[in-house]
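Enquirer: Sharing protein18.cif (mmCIF, C-alpha atoms and all ligand atoms; chains and numbers go by the auth columns) below.
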```
data_structure
#
loop_
_atom_site.group_PDB
_atom_site.id
_atom_site.type_symbol
_atom_site.label_atom_id
_atom_site.label_comp_id
_atom_site.label_asym_id
_atom_site.label_seq_id
_atom_site.Cartn_x
_atom_site.Cartn_y
_atom_site.Cartn_z
_atom_site.B_iso_or_equiv
_atom_site.auth_seq_id
_atom_site.auth_asym_id
ATOM 1 C CA MET A 1 -1.318 -21.997 -4.013 0.00 1 A
ATOM 2 C CA TYR A 2 -2.614 -18.476 -4.715 0.00 2 A
ATOM 3 C CA SER A 3 -6.252 -17.386 -4.605 0.00 3 A
ATOM 4 C CA GLU A 4 -7.963 -16.082 -7.730 0.00 4 A
ATOM 5 C CA GLN A 5 -7.926 -12.539 -6.304 0.00 5 A
ATOM 6 C CA VAL A 6 -4.183 -12.694 -5.702 0.00 6 A
ATOM 7 C CA MET A 7 -3.593 -13.856 -9.269 0.00 7 A
ATOM 8 C CA ASP A 8 -5.907 -11.141 -10.602 0.00 8 A
ATOM 9 C CA HIS A 9 -4.138 -8.348 -8.687 0.00 9 A
ATOM 10 C CA PHE A 10 -0.748 -9.780 -9.650 0.00 10 A
ATOM 11 C CA ILE A 11 -1.549 -10.027 -13.356 0.00 11 A
ATOM 12 C CA ASN A 12 -3.622 -6.811 -13.525 0.00 12 A
ATOM 13 C CA PRO A 13 -2.312 -4.673 -10.686 0.00 13 A
ATOM 14 C CA ARG A 14 -4.390 -1.556 -9.919 0.00 14 A
ATOM 15 C CA ASN A 15 -2.798 1.835 -9.303 0.00 15 A
ATOM 16 C CA VAL A 16 0.682 1.095 -10.626 0.00 16 A
ATOM 17 C CA GLY A 17 2.837 4.160 -11.099 0.00 17 A
ATOM 18 C CA GLU A 18 3.850 7.378 -9.439 0.00 18 A
ATOM 19 C CA ILE A 19 1.985 10.528 -8.407 0.00 19 A
ATOM 20 C CA GLU A 20 3.783 13.725 -9.294 0.00 20 A
ATOM 21 C CA ASN A 21 3.990 16.114 -6.345 0.00 21 A
ATOM 22 C CA ALA A 22 2.543 13.465 -4.060 0.00 22 A
ATOM 23 C CA ASP A 23 1.520 14.689 -0.616 0.00 23 A
ATOM 24 C CA GLY A 24 3.046 11.644 1.017 0.00 24 A
ATOM 25 C CA VAL A 25 5.570 9.060 -0.159 0.00 25 A
ATOM 26 C CA GLY A 26 6.592 5.960 1.727 0.00 26 A
ATOM 27 C CA GLN A 27 9.219 3.417 0.831 0.00 27 A
ATOM 28 C CA VAL A 28 9.896 0.224 2.704 0.00 28 A
ATOM 29 C CA GLY A 29 12.007 -2.825 2.046 0.00 29 A
ATOM 30 C CA ASN A 30 12.280 -6.324 3.366 0.00 30 A
ATOM 31 C CA ALA A 31 15.857 -7.031 4.352 0.00 31 A
ATOM 32 C CA LYS A 32 15.489 -10.793 3.885 0.00 32 A
ATOM 33 C CA CYS A 33 14.153 -10.984 0.334 0.00 33 A
ATOM 34 C CA GLY A 34 15.354 -7.554 -0.823 0.00 34 A
ATOM 35 C CA ASP A 35 11.931 -6.552 -2.154 0.00 35 A
ATOM 36 C CA ILE A 36 11.048 -2.849 -2.165 0.00 36 A
ATOM 37 C CA MET A 37 7.657 -1.116 -2.183 0.00 37 A
ATOM 38 C CA LYS A 38 6.998 2.574 -2.708 0.00 38 A
ATOM 39 C CA VAL A 39 3.569 4.161 -2.139 0.00 39 A
ATOM 40 C CA TYR A 40 2.506 7.631 -3.329 0.00 40 A
ATOM 41 C CA LEU A 41 -0.538 9.414 -1.903 0.00 41 A
ATOM 42 C CA LYS A 42 -2.534 12.429 -2.984 0.00 42 A
ATOM 43 C CA ILE A 43 -4.339 13.765 0.077 0.00 43 A
ATOM 44 C CA GLU A 44 -6.948 16.501 0.353 0.00 44 A
ATOM 45 C CA ASN A 45 -8.341 17.531 3.746 0.00 45 A
ATOM 46 C CA ASP A 46 -6.927 14.322 5.225 0.00 46 A
ATOM 47 C CA ILE A 47 -8.776 12.179 2.664 0.00 47 A
ATOM 48 C CA ILE A 48 -6.727 9.949 0.357 0.00 48 A
ATOM 49 C CA VAL A 49 -7.972 10.956 -3.065 0.00 49 A
ATOM 50 C CA ASP A 50 -5.422 8.932 -5.022 0.00 50 A
ATOM 51 C CA ALA A 51 -2.866 6.228 -4.312 0.00 51 A
ATOM 52 C CA LYS A 52 -0.255 4.646 -6.542 0.00 52 A
ATOM 53 C CA PHE A 53 2.599 2.252 -6.003 0.00 53 A
ATOM 54 C CA LYS A 54 5.761 0.851 -7.448 0.00 54 A
ATOM 55 C CA THR A 55 6.836 -2.527 -6.184 0.00 55 A
ATOM 56 C CA PHE A 56 10.025 -4.314 -7.051 0.00 56 A
ATOM 57 C CA GLY A 57 9.114 -7.609 -5.569 0.00 57 A
ATOM 58 C CA CYS A 58 7.378 -10.948 -5.595 0.00 58 A
ATOM 59 C CA GLY A 59 3.861 -11.633 -6.852 0.00 59 A
ATOM 60 C CA ALA A 60 2.333 -11.449 -3.376 0.00 60 A
ATOM 61 C CA ALA A 61 4.018 -8.087 -2.783 0.00 61 A
ATOM 62 C CA ILE A 62 2.546 -6.749 -6.029 0.00 62 A
ATOM 63 C CA ALA A 63 -0.929 -8.136 -5.274 0.00 63 A
ATOM 64 C CA THR A 64 -0.920 -6.708 -1.742 0.00 64 A
ATOM 65 C CA SER A 65 0.293 -3.290 -2.947 0.00 65 A
ATOM 66 C CA SER A 66 -2.487 -3.290 -5.512 0.00 66 A
ATOM 67 C CA MET A 67 -5.153 -4.283 -2.987 0.00 67 A
ATOM 68 C CA SER A 68 -3.957 -1.938 -0.246 0.00 68 A
ATOM 69 C CA THR A 69 -3.997 1.086 -2.566 0.00 69 A
ATOM 70 C CA GLU A 70 -7.538 0.121 -3.602 0.00 70 A
ATOM 71 C CA LEU A 71 -8.618 -0.221 0.031 0.00 71 A
ATOM 72 C CA ILE A 72 -7.312 3.173 1.172 0.00 72 A
ATOM 73 C CA LYS A 73 -8.593 5.292 -1.722 0.00 73 A
ATOM 74 C CA GLY A 74 -11.405 7.532 -0.468 0.00 74 A
ATOM 75 C CA LYS A 75 -10.553 6.831 3.175 0.00 75 A
ATOM 76 C CA SER A 76 -9.337 9.335 5.744 0.00 76 A
ATOM 77 C CA ILE A 77 -5.697 9.070 6.733 0.00 77 A
ATOM 78 C CA HIS A 78 -6.787 7.943 10.199 0.00 78 A
ATOM 79 C CA GLU A 79 -8.861 5.099 8.773 0.00 79 A
ATOM 80 C CA ALA A 80 -6.014 4.157 6.431 0.00 80 A
ATOM 81 C CA LEU A 81 -3.571 4.019 9.343 0.00 81 A
ATOM 82 C CA LYS A 82 -5.721 1.223 10.785 0.00 82 A
ATOM 83 C CA LEU A 83 -5.261 -0.930 7.681 0.00 83 A
ATOM 84 C CA THR A 84 -3.574 -4.146 8.745 0.00 84 A
ATOM 85 C CA ASN A 85 -1.667 -6.614 6.633 0.00 85 A
ATOM 86 C CA LYS A 86 -4.221 -9.231 7.701 0.00 86 A
ATOM 87 C CA ALA A 87 -7.085 -7.162 6.290 0.00 87 A
ATOM 88 C CA VAL A 88 -5.202 -6.797 2.998 0.00 88 A
ATOM 89 C CA ALA A 89 -4.530 -10.537 2.857 0.00 89 A
ATOM 90 C CA GLU A 90 -8.169 -11.314 3.697 0.00 90 A
ATOM 91 C CA ALA A 91 -9.397 -8.991 0.966 0.00 91 A
ATOM 92 C CA LEU A 92 -7.261 -11.047 -1.406 0.00 92 A
ATOM 93 C CA GLY A 93 -8.852 -14.300 -0.280 0.00 93 A
ATOM 94 C CA GLY A 94 -5.864 -15.194 1.864 0.00 94 A
ATOM 95 C CA LEU A 95 -2.157 -15.678 1.321 0.00 95 A
ATOM 96 C CA PRO A 96 -0.017 -18.758 1.881 0.00 96 A
ATOM 97 C CA PRO A 97 1.650 -18.518 5.341 0.00 97 A
ATOM 98 C CA VAL A 98 5.124 -18.138 3.829 0.00 98 A
ATOM 99 C CA LYS A 99 3.846 -15.086 1.928 0.00 99 A
ATOM 100 C CA MET A 100 2.264 -13.210 4.831 0.00 100 A
ATOM 101 C CA HIS A 101 5.418 -11.130 5.305 0.00 101 A
ATOM 102 C CA CYS A 102 4.854 -9.657 1.837 0.00 102 A
ATOM 103 C CA SER A 103 1.580 -8.141 3.048 0.00 103 A
ATOM 104 C CA VAL A 104 3.429 -6.532 5.960 0.00 104 A
ATOM 105 C CA LEU A 105 5.380 -4.571 3.376 0.00 105 A
ATOM 106 C CA ALA A 106 2.087 -3.140 2.027 0.00 106 A
ATOM 107 C CA GLU A 107 0.858 -2.117 5.478 0.00 107 A
ATOM 108 C CA ASP A 108 4.202 -0.510 6.308 0.00 108 A
ATOM 109 C CA ALA A 109 4.472 1.350 2.990 0.00 109 A
ATOM 110 C CA VAL A 110 0.998 2.889 3.427 0.00 110 A
ATOM 111 C CA LYS A 111 1.850 3.930 6.982 0.00 111 A
ATOM 112 C CA ALA A 112 5.193 5.387 5.910 0.00 112 A
ATOM 113 C CA ALA A 113 3.475 7.468 3.193 0.00 113 A
ATOM 114 C CA ILE A 114 0.912 8.834 5.671 0.00 114 A
ATOM 115 C CA GLU A 115 3.648 9.597 8.192 0.00 115 A
ATOM 116 C CA ASP A 116 5.544 11.448 5.471 0.00 116 A
ATOM 117 C CA TYR A 117 2.410 13.520 4.756 0.00 117 A
ATOM 118 C CA LEU A 118 1.980 14.367 8.446 0.00 118 A
ATOM 119 C CA LYS A 119 5.669 15.222 8.806 0.00 119 A
ATOM 120 C CA LYS A 120 5.534 17.561 5.809 0.00 120 A
ATOM 121 C CA GLN A 121 2.688 19.356 7.536 0.00 121 A
ATOM 122 C CA GLY A 122 4.508 19.526 10.849 0.00 122 A
ATOM 123 C CA ARG A 123 1.898 17.275 12.452 0.00 123 A
ATOM 124 C CA THR A 124 2.168 14.080 14.420 0.00 124 A
ATOM 125 C CA GLU A 125 -1.412 12.874 13.962 0.00 125 A
HETATM 126 FE FE1 LIG B . 9.745 -10.408 -0.640 0.00 201 A
HETATM 127 FE FE2 LIG B . 7.330 -11.290 -1.009 0.00 201 A
HETATM 128 S S1 LIG B . 9.157 -12.444 -1.098 0.00 201 A
HETATM 129 S S2 LIG B . 7.922 -9.329 -0.404 0.00 201 A
#
```
Kindly present the structure from the file in structure tokens form.
Ligand code: FES
Expert:
Amino acid sequence: MYSEQVMDHFINPRNVGEIENADGVGQVGNAKCGDIMKVYLKIENDIIVDAKFKTFGCGAAIATSSMSTELIKGKSIHEALKLTNKAVAEALGGLPPVKMHCSVLAEDAVKAAIEDYLKKQGRTE
């Protein structure tokens, strides 16, 4: 049911953990399943130099957190804001339809962390 990439990122998730004094932190939850994802970003000159996550959730939520943090590292915050849940799922070789909502959590957590960074700086974009 899961692609090899999903299994790989679930079993060996990249970027698990927290960043102390993170420049942006975003936490989102899915009301239906109760899963929670928290993303921490280190940002220098609007470039994401490090990203970590903590996910209390299903395997697809862990795999998509892992992949999304990999995809945004080294990107500008504006590029990262364009990351869609579909792109994360595609990078993982696809997700079963019933698991697509898990990838939405990853997109939303990244966006929430960037918005937190902008808010801390008194910016809107
Ligand atoms: Fe809740 Fe996957 S079942 S995020």
Enquirer: Counting all atoms listed in the file, which residues in region 88-116 of chain A sit no more than 12 Å from region 5-12 of chain A? For each one, give the nearest pair of atoms and the distance in Å, sorted by chain then residue number, as a Markdown table.
Expert:
```
| residue | atom | partner | partner_atom | distance |
| --- | --- | --- | --- | --- |
| A:Val88 | CA | A:Val6 | CA | 10.6 |
| A:Ala89 | CA | A:Val6 | CA | 8.8 |
| A:Glu90 | CA | A:Gln5 | CA | 10.1 |
| A:Ala91 | CA | A:Gln5 | CA | 8.2 |
| A:Leu92 | CA | A:Gln5 | CA | 5.2 |
| A:Gly93 | CA | A:Gln5 | CA | 6.3 |
| A:Gly94 | CA | A:Val6 | CA | 8.1 |
| A:Leu95 | CA | A:Val6 | CA | 7.9 |
| A:Pro96 | CA | A:Val6 | CA | 10.6 |
| A:Lys99 | CA | A:Val6 | CA | 11.3 |
| A:Ser103 | CA | A:Val6 | CA | 11.4 |
```
Enquirer: For the residues selected in the previous step, produce a file with C-alpha atoms as an mmCIF file, in the coordinates of the input.
Expert:
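Listed below is the output, result_4.cif:
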```
data_model
loop_
_atom_site.group_PDB
_atom_site.id
_atom_site.type_symbol
_atom_site.label_atom_id
_atom_site.label_comp_id
_atom_site.auth_asym_id
_atom_site.auth_seq_id
_atom_site.Cartn_x
_atom_site.Cartn_y
_atom_site.Cartn_z
ATOM 1 C CA VAL A 88 -5.202 -6.797 2.998
ATOM 2 C CA ALA A 89 -4.530 -10.537 2.857
ATOM 3 C CA GLU A 90 -8.169 -11.314 3.697
ATOM 4 C CA ALA A 91 -9.397 -8.991 0.966
ATOM 5 C CA LEU A 92 -7.261 -11.047 -1.406
ATOM 6 C CA GLY A 93 -8.852 -14.300 -0.280
ATOM 7 C CA GLY A 94 -5.864 -15.194 1.864
ATOM 8 C CA LEU A 95 -2.157 -15.678 1.321
ATOM 9 C CA PRO A 96 -0.017 -18.758 1.881
ATOM 10 C CA LYS A 99 3.846 -15.086 1.928
ATOM 11 C CA SER A 103 1.580 -8.141 3.048
#
```
Enquirer: Would you mind listing the residues within 6 Å of ligand LIG 201 (chain A), counting all atoms listed in the file, as a list of chain:residue names?
Expert: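 Residues lying within 6 Å of ligand LIG 201 (chain A): A:Cys33, A:Asp35, A:Gly57, A:Cys58, A:Ala60, A:Ala61, A:Lys99, A:Cys102.
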Enquirer: With region 75-79 of chain A as the partner and 12 Å as the cut-off, tabulate the residues of region 3-55 of chain A that qualify, each row holding the nearest pair of atoms and their distance in Å to one decimal, using only C-alpha atoms, sorted by chain and rising number, as CSV.
Expert:
```
residue,atom,partner,partner_atom,distance
A:Asp23,CA,A:Ile77,CA,11.7
A:Gly24,CA,A:Ile77,CA,10.8
A:Leu41,CA,A:Ile77,CA,10.1
A:Lys42,CA,A:Ile77,CA,10.8
A:Ile43,CA,A:Ile77,CA,8.3
A:Glu44,CA,A:Ser76,CA,9.3
A:Asn45,CA,A:Ser76,CA,8.5
A:Asp46,CA,A:Ser76,CA,5.6
A:Ile47,CA,A:Ser76,CA,4.2
A:Ile48,CA,A:Lys75,CA,5.7
A:Val49,CA,A:Lys75,CA,7.9
A:Asp50,CA,A:Lys75,CA,9.9
A:Ala51,CA,A:Lys75,CA,10.7
```
Enquirer: Of the candidates A:Val16, A:Ile36, A:Leu83, A:Val25, which one gets nearest to Ile114 (chain A) if we count all atoms listed in the file?
Expert: A:Val25
Enquirer: Can you spell out as a PyMOL selection string the set of residues that the PyMOL selection byres (((chain A and resi 55) around 10) and not hetatm) selects in the structure I just provided?
Expert: chain A and resi 16-17+27-29+35-39+53-54+56-59+61-66+105-106
Enquirer: Could you take the residues named above and write them with C-alpha atoms, as a short mmCIF file (atom, residue, chain, number, x, y, z; two decimals), in the coordinates of the input?
Expert:
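New file again00.cif:
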```
data_model
loop_
_atom_site.label_atom_id
_atom_site.label_comp_id
_atom_site.auth_asym_id
_atom_site.auth_seq_id
_atom_site.Cartn_x
_atom_site.Cartn_y
_atom_site.Cartn_z
CA VAL A 16 0.68 1.10 -10.63
CA GLY A 17 2.84 4.16 -11.10
CA GLN A 27 9.22 3.42 0.83
CA VAL A 28 9.90 0.22 2.70
CA GLY A 29 12.01 -2.82 2.05
CA ASP A 35 11.93 -6.55 -2.15
CA ILE A 36 11.05 -2.85 -2.16
CA MET A 37 7.66 -1.12 -2.18
CA LYS A 38 7.00 2.57 -2.71
CA VAL A 39 3.57 4.16 -2.14
CA PHE A 53 2.60 2.25 -6.00
CA LYS A 54 5.76 0.85 -7.45
CA PHE A 56 10.02 -4.31 -7.05
CA GLY A 57 9.11 -7.61 -5.57
CA CYS A 58 7.38 -10.95 -5.60
CA GLY A 59 3.86 -11.63 -6.85
CA ALA A 61 4.02 -8.09 -2.78
CA ILE A 62 2.55 -6.75 -6.03
CA ALA A 63 -0.93 -8.14 -5.27
CA THR A 64 -0.92 -6.71 -1.74
CA SER A 65 0.29 -3.29 -2.95
CA SER A 66 -2.49 -3.29 -5.51
CA LEU A 105 5.38 -4.57 3.38
CA ALA A 106 2.09 -3.14 2.03
#
```
Enquirer: With distances taken over all atoms listed in the file, which residue among A:Val98, A:Tyr40, A:Gly122, A:Gly74 lies nearest Gly26 (chain A)?
Expert: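 Going through A:Val98, A:Tyr40, A:Gly122, A:Gly74 one by one, the smallest distance to Gly26 (chain A) is for A:Tyr40.
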Enquirer: Considering all atoms listed in the file, can you say which of A:Lys119, A:Lys32, A:His101, A:Arg14 comes closest to Ser68 (chain A)?
Expert: A:Arg14
Enquirer: Measure the distance from CA of Ala87 (chain A) to CA of Glu115 (chain A) in Å and round it to one decimal.
Expert: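 Separation of CA of Ala87 (chain A) and CA of Glu115 (chain A): 20.0 Å.
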Enquirer: Box for region 79-93 of chain A - axis-aligned, 4 Å on each of the six sides, all listed atoms - centre and size in Å to one decimal, as AutoDock Vina command-line options.
Expert:
```
--center_x -5.5 --center_y -4.6 --center_z 4.7 --size_x 15.7 --size_y 27.4 --size_z 20.2
```
Enquirer: Work out how far apart CA of Tyr2 (chain A) and CA of Ala112 (chain A) are and give it in Å to one decimal.
Expert: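 According to the coordinates, CA of Tyr2 (chain A) and CA of Ala112 (chain A) are separated by 27.3 Å.
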Enquirer: Pick out the closest residue to Ala113 (chain A) from this set: A:Leu71, A:Glu4, A:Lys82, A:Ala22. Count only C-alpha atoms.
Expert: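 Under the stated criterion, the closest residue is A:Ala22.
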